[in-house]
>>> print(open('data00.cif').read())   # mmCIF, C-alpha atoms and all ligand atoms
data_work
#
loop_
_atom_site.label_atom_id
_atom_site.label_comp_id
_atom_site.auth_asym_id
_atom_site.auth_seq_id
_atom_site.Cartn_x
_atom_site.Cartn_y
_atom_site.Cartn_z
CA MET A 194 22.33 -56.48 190.25
CA PRO A 195 18.97 -58.22 190.76
CA GLY A 196 18.81 -61.58 189.01
CA ALA A 197 22.51 -61.51 188.18
CA ASN A 198 23.06 -65.04 189.41
CA LEU A 199 20.04 -66.51 187.67
CA PRO A 200 20.83 -68.82 184.77
CA ASP A 201 20.37 -67.28 181.33
CA MET A 202 17.19 -68.91 180.05
CA THR A 203 16.08 -68.05 176.58
CA ASP A 204 13.65 -70.95 176.28
CA PRO A 205 11.43 -71.48 179.35
CA ALA A 206 11.75 -75.24 178.79
CA ASP A 207 15.49 -74.87 179.46
CA SER A 208 14.84 -74.33 183.15
CA PHE A 209 13.66 -77.94 183.33
CA ARG A 210 16.72 -79.46 181.72
CA PRO A 211 18.65 -81.66 184.16
CA GLU A 212 21.84 -79.61 183.87
CA ALA A 213 19.96 -76.43 184.73
CA ASN A 214 17.93 -77.85 187.56
CA ASP A 215 18.38 -80.01 190.63
CA ARG A 216 14.82 -81.19 190.82
CA PRO A 217 14.98 -84.67 192.35
CA THR A 218 11.98 -85.75 190.28
CA ARG A 219 13.15 -86.73 186.83
CA ILE A 220 12.68 -88.94 183.83
CA ARG A 221 15.67 -91.07 182.98
CA VAL A 222 15.77 -92.19 179.35
CA ASP A 223 18.02 -95.09 178.41
CA LEU A 224 18.93 -94.34 174.80
CA ASP A 225 20.64 -97.70 174.35
CA ALA A 226 17.31 -99.38 175.13
CA ILE A 227 15.69 -97.39 172.30
CA GLY A 228 18.55 -98.42 169.99
CA HIS A 229 18.07 -102.06 170.98
CA ASN A 230 14.31 -101.87 170.35
CA PHE A 231 14.85 -100.16 167.00
CA ARG A 232 17.14 -102.96 165.78
CA ALA A 233 15.02 -105.74 167.28
CA LEU A 234 11.82 -104.43 165.67
CA GLN A 235 13.52 -103.92 162.32
CA ALA A 236 14.89 -107.49 162.39
CA HIS A 237 11.53 -108.94 163.44
CA ALA A 238 9.63 -106.98 160.78
CA GLY A 239 12.16 -107.65 158.03
CA ALA A 240 11.45 -104.09 156.85
CA PRO A 241 12.93 -100.67 157.59
CA VAL A 242 11.54 -98.79 160.58
CA MET A 243 9.99 -95.34 160.42
CA GLY A 244 10.60 -94.23 164.02
CA ILE A 245 7.49 -92.55 165.40
CA VAL A 246 8.54 -89.64 167.62
CA LYS A 247 5.27 -87.67 167.89
CA ALA A 248 4.05 -86.29 171.24
CA ASN A 249 7.56 -85.54 172.51
CA ALA A 250 8.69 -89.03 171.48
CA TYR A 251 6.01 -90.53 173.73
CA GLY A 252 7.32 -88.40 176.58
CA HIS A 253 10.97 -89.40 176.05
CA GLY A 254 12.01 -86.07 174.47
CA LEU A 255 11.47 -85.33 170.76
CA VAL A 256 14.85 -83.89 169.79
CA PRO A 257 17.23 -86.10 171.80
CA VAL A 258 15.43 -89.28 170.69
CA ALA A 259 15.35 -88.19 167.04
CA LEU A 260 19.03 -87.18 167.02
CA TYR A 261 19.91 -90.49 168.64
CA LEU A 262 17.91 -92.52 166.12
CA GLN A 263 19.47 -90.53 163.30
CA ALA A 264 22.94 -91.37 164.67
CA GLN A 265 21.84 -95.02 164.82
CA GLY A 266 21.17 -94.90 161.09
CA ILE A 267 17.37 -94.78 161.00
CA GLY A 268 16.10 -93.94 157.51
CA GLN A 269 12.80 -92.26 158.29
CA LEU A 270 11.00 -90.56 161.17
CA GLY A 271 7.30 -89.86 161.61
CA VAL A 272 5.52 -87.16 163.63
CA ALA A 273 1.90 -86.06 163.96
CA LEU A 274 2.18 -82.28 163.56
CA VAL A 275 4.03 -79.92 161.26
CA GLU A 276 5.28 -78.12 164.40
CA GLU A 277 7.00 -81.31 165.52
CA GLY A 278 8.62 -81.64 162.12
CA LEU A 279 9.85 -78.03 162.24
CA ALA A 280 11.34 -78.61 165.71
CA LEU A 281 13.27 -81.58 164.31
CA ARG A 282 14.63 -79.58 161.39
CA ARG A 283 15.64 -76.70 163.66
CA ALA A 284 17.54 -79.18 165.84
CA GLY A 285 19.51 -80.49 162.88
CA VAL A 286 17.59 -83.66 162.07
CA THR A 287 18.18 -84.26 158.38
CA VAL A 288 16.59 -87.70 157.77
CA PRO A 289 13.22 -87.79 155.97
CA VAL A 290 10.32 -86.86 158.28
CA LEU A 291 6.71 -87.74 157.47
CA VAL A 292 3.99 -85.65 159.10
CA MET A 293 1.14 -88.12 159.58
CA GLY A 294 -1.65 -85.81 160.70
CA GLY A 295 -4.18 -84.15 158.42
CA ILE A 296 -2.82 -80.98 156.84
CA HIS A 297 -4.22 -77.48 157.08
CA ALA A 298 -3.88 -75.51 153.85
CA PRO A 299 -2.09 -72.48 155.39
CA GLN A 300 0.66 -74.77 156.69
CA VAL A 301 1.57 -76.46 153.43
CA SER A 302 4.32 -73.99 152.53
CA GLN A 303 5.96 -74.65 155.94
CA PHE A 304 6.07 -78.34 155.09
CA LEU A 305 7.78 -77.68 151.81
CA ALA A 306 10.19 -75.06 153.11
CA CYS A 307 11.47 -77.52 155.73
CA ASP A 308 11.53 -80.58 153.51
CA LEU A 309 8.85 -82.40 155.46
CA GLU A 310 6.93 -85.19 153.77
CA VAL A 311 3.22 -84.55 153.57
CA THR A 312 0.31 -86.91 154.20
CA VAL A 313 -2.22 -86.38 151.45
CA SER A 314 -5.60 -87.72 152.50
CA SER A 315 -7.95 -86.55 149.72
CA ILE A 316 -7.93 -85.15 146.19
CA ALA A 317 -8.79 -81.69 147.59
CA LYS A 318 -5.72 -81.82 149.86
CA LEU A 319 -3.63 -82.97 146.89
CA ARG A 320 -4.69 -79.85 144.99
CA GLN A 321 -3.71 -77.62 147.95
CA VAL A 322 -0.28 -79.22 148.12
CA GLU A 323 0.18 -78.89 144.35
CA GLN A 324 -0.70 -75.21 144.47
CA ALA A 325 1.74 -74.46 147.29
CA ALA A 326 4.46 -76.53 145.62
CA GLU A 327 3.99 -74.75 142.32
CA SER A 328 4.11 -71.30 143.87
CA LEU A 329 7.32 -72.21 145.71
CA GLY A 330 8.71 -73.92 142.62
CA ARG A 331 9.52 -76.93 144.75
CA LYS A 332 8.19 -80.45 144.33
CA ALA A 333 6.34 -81.93 147.35
CA VAL A 334 7.15 -85.42 148.60
CA ILE A 335 3.87 -87.04 149.57
CA HIS A 336 2.47 -90.21 151.14
CA LEU A 337 -1.09 -91.10 150.16
CA LYS A 338 -3.38 -91.97 153.06
CA VAL A 339 -5.94 -94.67 152.46
CA ASP A 340 -8.66 -95.45 155.00
CA THR A 341 -9.17 -99.18 155.48
CA GLY A 342 -11.29 -99.16 158.62
CA MET A 343 -10.13 -96.49 161.05
CA GLU A 344 -12.48 -93.78 159.64
CA ARG A 345 -10.05 -91.07 160.75
CA ILE A 346 -8.33 -89.53 157.72
CA GLY A 347 -7.76 -90.90 154.24
CA VAL A 348 -9.61 -91.83 151.07
CA HIS A 349 -11.73 -94.99 151.49
CA SER A 350 -9.79 -97.83 149.91
CA GLU A 351 -12.64 -98.63 147.51
CA ASN A 352 -12.27 -95.12 146.03
CA ALA A 353 -8.48 -95.14 145.85
CA GLY A 354 -8.28 -95.45 142.03
CA ALA A 355 -9.20 -91.86 141.18
CA PHE A 356 -7.07 -90.60 144.09
CA ILE A 357 -4.01 -92.53 142.89
CA ASP A 358 -4.57 -91.38 139.28
CA ALA A 359 -4.63 -87.76 140.42
CA ALA A 360 -1.50 -88.14 142.54
CA VAL A 361 0.53 -90.06 139.96
CA SER A 362 -0.23 -87.53 137.23
CA SER A 363 0.60 -84.54 139.44
CA ARG A 364 3.50 -82.42 138.17
CA TRP A 365 4.22 -80.97 141.60
CA CYS A 366 3.92 -84.03 143.84
CA ALA A 367 6.24 -87.03 144.03
CA VAL A 368 4.43 -90.04 145.51
CA LYS A 369 6.93 -91.62 147.89
CA GLY A 370 4.56 -93.72 149.97
CA ILE A 371 1.07 -95.09 150.43
CA TYR A 372 -0.23 -96.02 153.85
CA SER A 373 -3.09 -96.86 156.12
CA HIS A 374 -3.54 -97.28 159.88
CA LEU A 375 -4.60 -100.37 161.80
CA ALA A 376 -7.43 -100.08 164.32
CA CYS A 377 -7.15 -103.39 166.20
CA SER A 378 -3.59 -104.69 165.83
CA ASP A 379 -3.03 -104.53 169.63
CA ASP A 380 -5.20 -107.61 169.84
CA PRO A 381 -3.61 -110.63 168.14
CA ALA A 382 -7.01 -112.32 167.93
CA SER A 383 -8.89 -109.55 166.11
CA PRO A 384 -9.94 -110.41 162.52
CA MET A 385 -10.01 -106.68 161.67
CA THR A 386 -6.29 -106.52 160.85
CA HIS A 387 -6.56 -108.99 157.98
CA GLU A 388 -9.59 -107.22 156.58
CA GLN A 389 -7.63 -103.97 156.64
CA LEU A 390 -4.62 -105.63 155.00
CA GLN A 391 -6.80 -106.98 152.17
CA ARG A 392 -8.39 -103.57 151.54
CA PHE A 393 -4.98 -101.89 151.62
CA LEU A 394 -3.35 -104.35 149.20
CA HIS A 395 -6.31 -104.00 146.87
CA ALA A 396 -5.85 -100.21 146.83
CA CYS A 397 -2.09 -100.57 146.24
CA SER A 398 -2.64 -102.97 143.35
CA TYR A 399 -4.04 -100.03 141.39
CA PHE A 400 -0.47 -98.82 140.83
CA ASP A 401 0.29 -102.09 139.03
CA ARG A 402 -2.92 -101.87 137.02
CA ILE A 403 -1.97 -98.46 135.62
CA GLY A 404 1.68 -99.42 135.23
CA ALA A 405 2.94 -96.83 137.72
CA PRO A 406 5.88 -97.58 140.03
CA MET A 407 4.77 -98.94 143.42
CA PRO A 408 5.55 -96.47 146.22
CA VAL A 409 6.64 -97.54 149.71
CA ARG A 410 3.68 -99.38 151.30
CA HIS A 411 3.44 -99.04 155.09
CA LEU A 412 0.69 -100.27 157.39
CA ALA A 413 2.10 -101.69 160.62
CA ASN A 414 2.09 -99.83 163.94
CA SER A 415 3.60 -101.51 167.03
CA GLY A 416 0.78 -104.03 167.33
CA GLY A 417 1.13 -104.87 163.64
CA VAL A 418 4.86 -105.53 163.97
CA LEU A 419 4.41 -107.58 167.15
CA HIS A 420 1.49 -109.76 166.02
CA PHE A 421 1.09 -109.77 162.24
CA PRO A 422 4.33 -110.28 160.25
CA GLU A 423 2.32 -110.23 157.00
CA VAL A 424 1.35 -106.55 157.48
CA CYS A 425 4.96 -105.34 157.67
CA LEU A 426 5.23 -104.83 153.86
CA ASP A 427 7.88 -102.26 152.75
CA MET A 428 8.22 -100.22 155.96
CA VAL A 429 6.84 -100.32 159.52
CA ARG A 430 5.79 -97.49 161.85
CA PRO A 431 6.28 -98.56 165.48
CA GLY A 432 5.85 -95.93 168.16
CA ILE A 433 5.28 -97.33 171.63
CA ALA A 434 7.28 -100.52 171.03
CA LEU A 435 10.32 -98.42 170.12
CA TYR A 436 10.24 -97.22 173.72
CA GLY A 437 9.99 -100.78 175.03
CA VAL A 438 6.35 -100.62 176.08
CA MET A 439 3.56 -102.96 174.96
CA PRO A 440 0.52 -101.34 173.33
CA ASP A 441 -2.05 -103.35 175.26
CA PRO A 442 -2.36 -105.95 178.04
CA ALA A 443 -3.47 -108.42 175.33
CA SER A 444 -0.24 -107.87 173.33
CA ARG A 445 2.18 -110.75 173.00
CA PRO A 446 5.91 -110.16 173.67
CA THR A 447 7.07 -111.59 170.34
CA VAL A 448 10.05 -109.21 170.37
CA ALA A 449 12.31 -108.84 173.43
CA LEU A 450 11.94 -105.11 174.13
CA LYS A 451 13.64 -103.01 176.80
CA PRO A 452 11.70 -100.22 178.51
CA ALA A 453 13.61 -96.97 178.02
CA LEU A 454 11.90 -94.68 180.51
CA SER A 455 12.17 -94.53 184.29
CA LEU A 456 10.33 -92.01 186.43
CA VAL A 457 12.09 -91.36 189.72
CA SER A 458 11.93 -88.96 192.63
CA LYS A 459 13.33 -88.64 196.14
CA VAL A 460 11.81 -88.64 199.60
CA VAL A 461 11.30 -85.03 200.63
CA TYR A 462 9.60 -85.61 204.01
CA PHE A 463 9.21 -88.41 206.57
CA LYS A 464 6.79 -88.53 209.49
CA VAL A 465 4.71 -90.76 211.74
CA VAL A 466 0.97 -90.48 211.17
CA LYS A 467 -1.03 -91.35 214.29
CA ALA A 468 -3.84 -93.90 214.18
CA GLY A 469 -7.09 -92.18 213.21
CA ARG A 470 -5.46 -89.30 211.33
CA THR A 471 -6.28 -88.77 207.68
CA VAL A 472 -3.95 -88.05 204.77
CA SER A 473 -4.31 -85.51 201.92
CA TYR A 474 -7.23 -83.60 200.37
CA GLY A 475 -10.69 -84.82 201.14
CA ALA A 476 -9.39 -86.90 204.08
CA THR A 477 -10.11 -90.02 202.05
CA TRP A 478 -7.52 -92.27 203.76
CA THR A 479 -7.29 -92.90 207.49
CA ALA A 480 -4.35 -94.48 209.29
CA SER A 481 -5.60 -97.59 211.11
CA GLU A 482 -2.50 -97.66 213.34
CA ASP A 483 0.49 -95.44 213.92
CA THR A 484 2.37 -95.62 210.64
CA ARG A 485 5.29 -94.09 208.83
CA VAL A 486 4.50 -91.95 205.84
CA ILE A 487 6.75 -90.26 203.30
CA THR A 488 6.03 -87.40 200.92
CA VAL A 489 7.16 -87.61 197.29
CA PRO A 490 7.51 -84.35 195.29
CA ILE A 491 5.61 -85.13 192.08
CA GLY A 492 1.91 -84.88 191.30
CA TYR A 493 -0.73 -84.54 188.63
CA GLY A 494 0.77 -81.17 187.68
CA ASP A 495 3.63 -83.21 186.22
CA GLY A 496 1.29 -85.67 184.53
CA TYR A 497 1.36 -88.33 187.23
CA PRO A 498 -2.31 -89.39 187.23
CA ARG A 499 -4.57 -88.37 190.09
CA SER A 500 -6.45 -91.61 189.49
CA LEU A 501 -3.57 -93.35 191.28
CA SER A 502 -4.81 -91.83 194.57
CA SER A 503 -4.83 -94.66 197.19
CA ARG A 504 -4.27 -97.13 194.32
CA GLY A 505 -0.76 -96.69 192.92
CA GLU A 506 2.47 -98.10 194.29
CA VAL A 507 6.10 -96.98 194.35
CA LEU A 508 9.44 -98.61 195.16
CA VAL A 509 11.47 -97.35 198.12
CA ARG A 510 14.54 -99.19 199.38
CA GLY A 511 13.71 -102.05 197.03
CA GLU A 512 10.18 -102.58 198.34
CA ARG A 513 6.71 -101.74 197.12
CA HIS A 514 4.59 -99.37 199.14
CA PRO A 515 1.11 -97.94 198.49
CA ILE A 516 0.18 -94.37 197.70
CA VAL A 517 -2.23 -93.20 200.40
CA GLY A 518 -4.77 -90.42 200.01
CA ARG A 519 -5.23 -88.23 196.99
CA VAL A 520 -2.38 -87.41 194.65
CA CYS A 521 -1.95 -83.61 194.87
CA MET A 522 -0.76 -81.30 192.10
CA ASP A 523 2.88 -81.39 193.20
CA GLN A 524 3.20 -84.10 195.87
CA PHE A 525 1.73 -87.34 197.18
CA MET A 526 2.12 -89.52 200.25
CA VAL A 527 3.21 -93.15 200.61
CA ASP A 528 2.60 -95.45 203.59
CA LEU A 529 5.69 -97.41 204.63
CA GLY A 530 3.83 -99.24 207.40
CA PRO A 531 4.47 -99.19 211.16
CA ALA A 532 8.00 -100.55 210.81
CA GLY A 533 9.00 -98.95 207.50
CA THR A 534 12.08 -96.83 207.20
CA ALA A 535 13.23 -94.30 204.68
CA TYR A 536 15.36 -91.20 204.83
CA ASN A 537 15.06 -87.88 203.11
CA GLU A 538 16.74 -88.09 199.70
CA ASP A 539 16.13 -91.85 199.37
CA GLU A 540 15.25 -92.69 195.77
CA VAL A 541 11.59 -93.37 194.98
CA VAL A 542 10.84 -95.22 191.75
CA LEU A 543 7.43 -94.58 190.20
CA ILE A 544 8.15 -96.29 186.87
CA GLY A 545 11.20 -98.50 186.43
CA ARG A 546 13.43 -100.86 188.31
CA GLN A 547 14.81 -100.71 191.84
CA GLY A 548 16.61 -103.66 193.38
CA ASP A 549 14.89 -106.85 192.27
CA ASP A 550 11.53 -105.28 191.63
CA ALA A 551 10.12 -103.13 188.83
CA ILE A 552 6.99 -101.10 188.22
CA THR A 553 6.17 -101.08 184.53
CA CYS A 554 4.45 -98.36 182.60
CA GLU A 555 1.88 -100.98 181.59
CA ALA A 556 1.10 -101.71 185.26
CA VAL A 557 0.79 -98.02 186.13
CA ALA A 558 -1.59 -97.56 183.19
CA SER A 559 -3.78 -100.45 184.19
CA THR A 560 -3.98 -99.27 187.82
CA ALA A 561 -4.82 -95.76 186.59
CA GLY A 562 -7.53 -97.15 184.30
CA THR A 563 -5.87 -96.01 181.09
CA ILE A 564 -3.38 -97.12 178.41
CA PRO A 565 0.44 -96.83 178.55
CA TYR A 566 0.31 -94.26 175.72
CA GLU A 567 -1.58 -91.81 177.90
CA ILE A 568 0.78 -92.29 180.85
CA LEU A 569 3.90 -91.66 178.73
CA THR A 570 2.62 -88.73 176.71
CA GLY A 571 1.10 -87.14 179.83
CA LEU A 572 4.49 -86.73 181.56
CA ASN A 573 5.01 -83.06 180.87
CA ALA A 574 7.80 -80.53 180.44
CA ARG A 575 7.97 -79.74 184.16
CA ILE A 576 9.88 -82.99 184.67
CA PRO A 577 13.52 -82.76 183.58
CA ARG A 578 14.73 -85.51 181.22
CA GLU A 579 18.10 -87.09 181.78
CA TYR A 580 19.72 -89.27 179.11
CA VAL A 581 21.92 -92.26 179.72
CA GLY A 582 23.67 -94.42 177.12
CA GLY A 583 23.70 -93.29 173.51
CA ALA A 584 27.45 -92.71 173.45
CA SER A 585 27.19 -91.81 169.78
CA ILE A 586 25.38 -88.52 170.25
CA PRO A 587 27.06 -85.40 171.57
CA ARG A 588 25.94 -84.45 175.11
CA SER A 589 25.21 -80.93 174.00
CA ALA A 590 22.54 -82.25 171.65
CA THR A 591 20.42 -83.24 174.63
C1 LIG A 601 0.86 -93.02 166.34
C2 LIG A 601 0.89 -93.69 165.04
C3 LIG A 601 1.71 -94.82 164.83
C4 LIG A 601 2.47 -95.51 165.95
O1 LIG A 601 1.55 -96.22 166.76
P1 LIG A 601 2.04 -97.19 167.93
O2 LIG A 601 0.81 -97.90 168.34
O3 LIG A 601 2.58 -96.32 169.00
O4 LIG A 601 3.07 -98.09 167.36
C5 LIG A 601 1.80 -95.33 163.55
N1 LIG A 601 1.09 -94.77 162.53
C6 LIG A 601 0.26 -93.72 162.71
C7 LIG A 601 -0.49 -93.18 161.55
C8 LIG A 601 0.13 -93.15 163.96
O5 LIG A 601 -0.70 -92.12 164.13
#
>>> encode(input="data00.cif", output="structure tokens", more="lines below")
Ligand SMILES: *Cc1c(COP(=O)(O)O)cnc(C)c1O
Amino acid sequence: MPGANLPDMTDPADSFRPEANDRPTRIRVDLDAIGHNFRALQAHAGAPVMGIVKANAYGHGLVPVALYLQAQGIGQLGVALVEEGLALRRAGVTVPVLVMGGIHAPQVSQFLACDLEVTVSSIAKLRQVEQAAESLGRKAVIHLKVDTGMERIGVHSENAGAFIDAAVSSRWCAVKGIYSHLACSDDPASPMTHEQLQRFLHACSYFDRIGAPMPVRHLANSGGVLHFPEVCLDMVRPGIALYGVMPDPASRPTVALKPALSLVSKVVYFKVVKAGRTVSYGATWTASEDTRVITVPIGYGDGYPRSLSSRGEVLVRGERHPIVGRVCMDQFMVDLGPAGTAYNEDEVVLIGRQGDDAITCEAVASTAGTIPYEILTGLNARIPREYVGGASIPRSAT
């Protein structure tokens, strides 16, 4: 029968799971590192952590990371989109989940049906949530979003009074939290963070003035937790630091974090390139002497940036070697030098540790001319994820 020995794949993403696929290129996620970072950040902040798992948990895998954090006892998760929240509920995540993005009216009933907490960023949005909640006969749990300087979503802090009045008096909304987002916390020297804190606290003080119970106040992203203990308040929202990566080259390592993600592949081809020959599209790199070149089976089609062409480095047999020529969609080439050796199937580390050396996500980002966030979230579903550590979650959950 044609196709009889093909695996049964109901979800196309299943074909990229490590157990269903021998692709030598893979992301290895160390769940214990995420657990360590979670506890270290919570201790440093002195406040409970809302684990931010948007954008496929910064490339680490939305569902496995969320199930792991839930097993570790996290009390709250945050995502950007309602779709991400629904995926968590479908996978059996039962802890509170806040959707931080702006809401679209037609999606409000999905929020409520799946017990997702809603970000309410204006009085008009509050009315939409109330209407949906009333028609479902189910109270909405909301977090009020105040804008203190980001100018993205939220009511300007100076106008928060009327907004808070409307929310507090709503029959169909329970105000669980109030929050704002920091624009410059990556930089410990920026005065912006304190200005934002002052505006935020002023808005929150309105609850006291009207004698309403103070909801959970949360302001700190990773940079806030790392650099500004005074912004940690009642809850903190680290994303990138949870994965052991610093938000910015200017960030200070005030918390000992462990990077959770490695990106590895294997040598798929080895050859000698003669002096004067060029490598890859556009013939942009020329061998100046006879040299040994390997091919690595990953490219920009996986989210490995093309801007690393003739700039990036990888680790092979414990040593650093340069990428030569343009990164292709599915492969790139590495120069081992005239005396270099490697064999097919040797491990190639693109991000992570090998022997005594390591290539960090931060270093890859800076070479690529971008930020670590874009590197991590760009690594797409074509790369299988493999999970190590995290003994407390069932294997089948990943
Ligand atoms: C993404 C996001 C965070 C987490 O930011 P990091 O810099 O990764 O810590 C926190 N809060 C909001 C509103 C976000 O959008």
>>> residues_near_point(input="data00.cif", point="(0.4, -86.2, 149.0)", cutoff="12 Å", atoms="all atoms listed in the file", output="JSON, numbers by chain")
{"A": [291, 292, 293, 294, 295, 296, 301, 304, 305, 309, 310, 311, 312, 313, 314, 315, 316, 317, 318, 319, 320, 321, 322, 323, 324, 325, 326, 332, 333, 334, 335, 336, 337, 338, 339, 347, 348, 356, 357, 359, 360, 361, 362, 363, 364, 365, 366, 367, 368, 369, 370, 371, 372, 408]}
>>> closest_atom_pairs(input="data00.cif", of="chain A", to="ligand LIG 601 (chain A)", cutoff="9 Å", atoms="only C-alpha atoms and all ligand atoms", output="JSON lines")
{"residue": "A:Met243", "atom": "CA", "partner": "A:LIG601", "partner_atom": "C5", "distance": 8.8}
{"residue": "A:Gly244", "atom": "CA", "partner": "A:LIG601", "partner_atom": "C4", "distance": 8.5}
{"residue": "A:Ile245", "atom": "CA", "partner": "A:LIG601", "partner_atom": "C4", "distance": 5.9}
{"residue": "A:Val246", "atom": "CA", "partner": "A:LIG601", "partner_atom": "C1", "distance": 8.5}
{"residue": "A:Lys247", "atom": "CA", "partner": "A:LIG601", "partner_atom": "C1", "distance": 7.1}
{"residue": "A:Ala248", "atom": "CA", "partner": "A:LIG601", "partner_atom": "C1", "distance": 8.9}
{"residue": "A:Tyr251", "atom": "CA", "partner": "A:LIG601", "partner_atom": "O3", "distance": 8.2}
{"residue": "A:Gly271", "atom": "CA", "partner": "A:LIG601", "partner_atom": "N1", "distance": 8.0}
{"residue": "A:Val272", "atom": "CA", "partner": "A:LIG601", "partner_atom": "C1", "distance": 8.0}
{"residue": "A:Ala273", "atom": "CA", "partner": "A:LIG601", "partner_atom": "O5", "distance": 6.6}
{"residue": "A:Met293", "atom": "CA", "partner": "A:LIG601", "partner_atom": "C7", "distance": 5.7}
{"residue": "A:Gly294", "atom": "CA", "partner": "A:LIG601", "partner_atom": "O5", "distance": 7.2}
{"residue": "A:Tyr372", "atom": "CA", "partner": "A:LIG601", "partner_atom": "C7", "distance": 8.2}
{"residue": "A:Ser373", "atom": "CA", "partner": "A:LIG601", "partner_atom": "C7", "distance": 7.1}
{"residue": "A:His374", "atom": "CA", "partner": "A:LIG601", "partner_atom": "C7", "distance": 5.4}
{"residue": "A:Leu375", "atom": "CA", "partner": "A:LIG601", "partner_atom": "N1", "distance": 8.0}
{"residue": "A:Ser378", "atom": "CA", "partner": "A:LIG601", "partner_atom": "O2", "distance": 8.5}
{"residue": "A:Asp379", "atom": "CA", "partner": "A:LIG601", "partner_atom": "O2", "distance": 7.8}
{"residue": "A:His411", "atom": "CA", "partner": "A:LIG601", "partner_atom": "N1", "distance": 8.9}
{"residue": "A:Leu412", "atom": "CA", "partner": "A:LIG601", "partner_atom": "N1", "distance": 7.5}
{"residue": "A:Ala413", "atom": "CA", "partner": "A:LIG601", "partner_atom": "C5", "distance": 7.0}
{"residue": "A:Asn414", "atom": "CA", "partner": "A:LIG601", "partner_atom": "O4", "distance": 4.0}
{"residue": "A:Ser415", "atom": "CA", "partner": "A:LIG601", "partner_atom": "O4", "distance": 3.5}
{"residue": "A:Gly416", "atom": "CA", "partner": "A:LIG601", "partner_atom": "O2", "distance": 6.2}
{"residue": "A:Gly417", "atom": "CA", "partner": "A:LIG601", "partner_atom": "O4", "distance": 8.0}
{"residue": "A:Val418", "atom": "CA", "partner": "A:LIG601", "partner_atom": "O4", "distance": 8.4}
{"residue": "A:Val429", "atom": "CA", "partner": "A:LIG601", "partner_atom": "C5", "distance": 8.2}
{"residue": "A:Arg430", "atom": "CA", "partner": "A:LIG601", "partner_atom": "C5", "distance": 4.8}
{"residue": "A:Pro431", "atom": "CA", "partner": "A:LIG601", "partner_atom": "O4", "distance": 3.7}
{"residue": "A:Gly432", "atom": "CA", "partner": "A:LIG601", "partner_atom": "O3", "distance": 3.4}
{"residue": "A:Ile433", "atom": "CA", "partner": "A:LIG601", "partner_atom": "O3", "distance": 3.9}
{"residue": "A:Ala434", "atom": "CA", "partner": "A:LIG601", "partner_atom": "O4", "distance": 6.1}
{"residue": "A:Leu435", "atom": "CA", "partner": "A:LIG601", "partner_atom": "O4", "distance": 7.8}
{"residue": "A:Met439", "atom": "CA", "partner": "A:LIG601", "partner_atom": "O2", "distance": 8.8}
{"residue": "A:Pro440", "atom": "CA", "partner": "A:LIG601", "partner_atom": "O2", "distance": 6.1}
{"residue": "A:Tyr566", "atom": "CA", "partner": "A:LIG601", "partner_atom": "O3", "distance": 7.4}
>>> closest_residue(input="data00.cif", among="A:Gly533, A:Pro498, A:Pro217, A:Gly254", to="His514 in chain A", atoms="all atoms listed in the file")
A:Gly533
>>> residues_around(input="data00.cif", residues="Val448 in chain A", least_positions_apart="5", cutoff="9 Å", atoms="only C-alpha atoms", output="list in words")
Asn230, Ala233, Leu234, His237 and Leu419 of chain A
>>> residues_around(input="data00.cif", residues="range 487-496 of chain A", least_positions_apart="2", cutoff="10 Å", atoms="all atoms listed in the file", output="PyMOL selection string")
chain A and resi 216-219+457-466+485+498-501+507+509+516-517+519-529+533-538+540-541+543+567-576
>>> closest_residue(input="data00.cif", among="A:Gln269, A:Asp441, A:Ala280, A:Thr484", to="Gly469 in chain A", atoms="only C-alpha atoms")
A:Thr484
>>> atom_distance(input="data00.cif", atom1="CA of Asp539 in chain A", atom2="CA of Glu512 in chain A")
12.3 Å
>>> atom_distance(input="data00.cif", atom1="CA of Pro299 in chain A", atom2="CA of Thr341 in chain A")
27.6 Å
>>> atom_distance(input="data00.cif", atom1="CA of Leu270 in chain A", atom2="CA of Ala284 in chain A")
13.9 Å
>>> residues_around(input="data00.cif", residues="Thr553 in chain A", least_positions_apart="2", cutoff="10 Å", atoms="all atoms listed in the file", output="list of chain:residue names")
A:Val438, A:Pro452, A:Leu454, A:Ser455, A:Leu543, A:Ile544, A:Gly545, A:Arg546, A:Asp550, A:Ala551, A:Glu555, A:Ala556, A:Val557, A:Ala558, A:Ser559, A:Pro565
>>> write_last_selection(input="data00.cif", atoms="C-alpha atoms", output="mmCIF file, keeping the file's coordinate frame")
data_model
loop_
_atom_site.group_PDB
_atom_site.id
_atom_site.type_symbol
_atom_site.label_atom_id
_atom_site.label_comp_id
_atom_site.auth_asym_id
_atom_site.auth_seq_id
_atom_site.Cartn_x
_atom_site.Cartn_y
_atom_site.Cartn_z
ATOM 1 C CA VAL A 438 6.350 -100.620 176.080
ATOM 2 C CA PRO A 452 11.700 -100.220 178.510
ATOM 3 C CA LEU A 454 11.900 -94.680 180.510
ATOM 4 C CA SER A 455 12.170 -94.530 184.290
ATOM 5 C CA LEU A 543 7.430 -94.580 190.200
ATOM 6 C CA ILE A 544 8.150 -96.290 186.870
ATOM 7 C CA GLY A 545 11.200 -98.500 186.430
ATOM 8 C CA ARG A 546 13.430 -100.860 188.310
ATOM 9 C CA ASP A 550 11.530 -105.280 191.630
ATOM 10 C CA ALA A 551 10.120 -103.130 188.830
ATOM 11 C CA GLU A 555 1.880 -100.980 181.590
ATOM 12 C CA ALA A 556 1.100 -101.710 185.260
ATOM 13 C CA VAL A 557 0.790 -98.020 186.130
ATOM 14 C CA ALA A 558 -1.590 -97.560 183.190
ATOM 15 C CA SER A 559 -3.780 -100.450 184.190
ATOM 16 C CA PRO A 565 0.440 -96.830 178.550
#
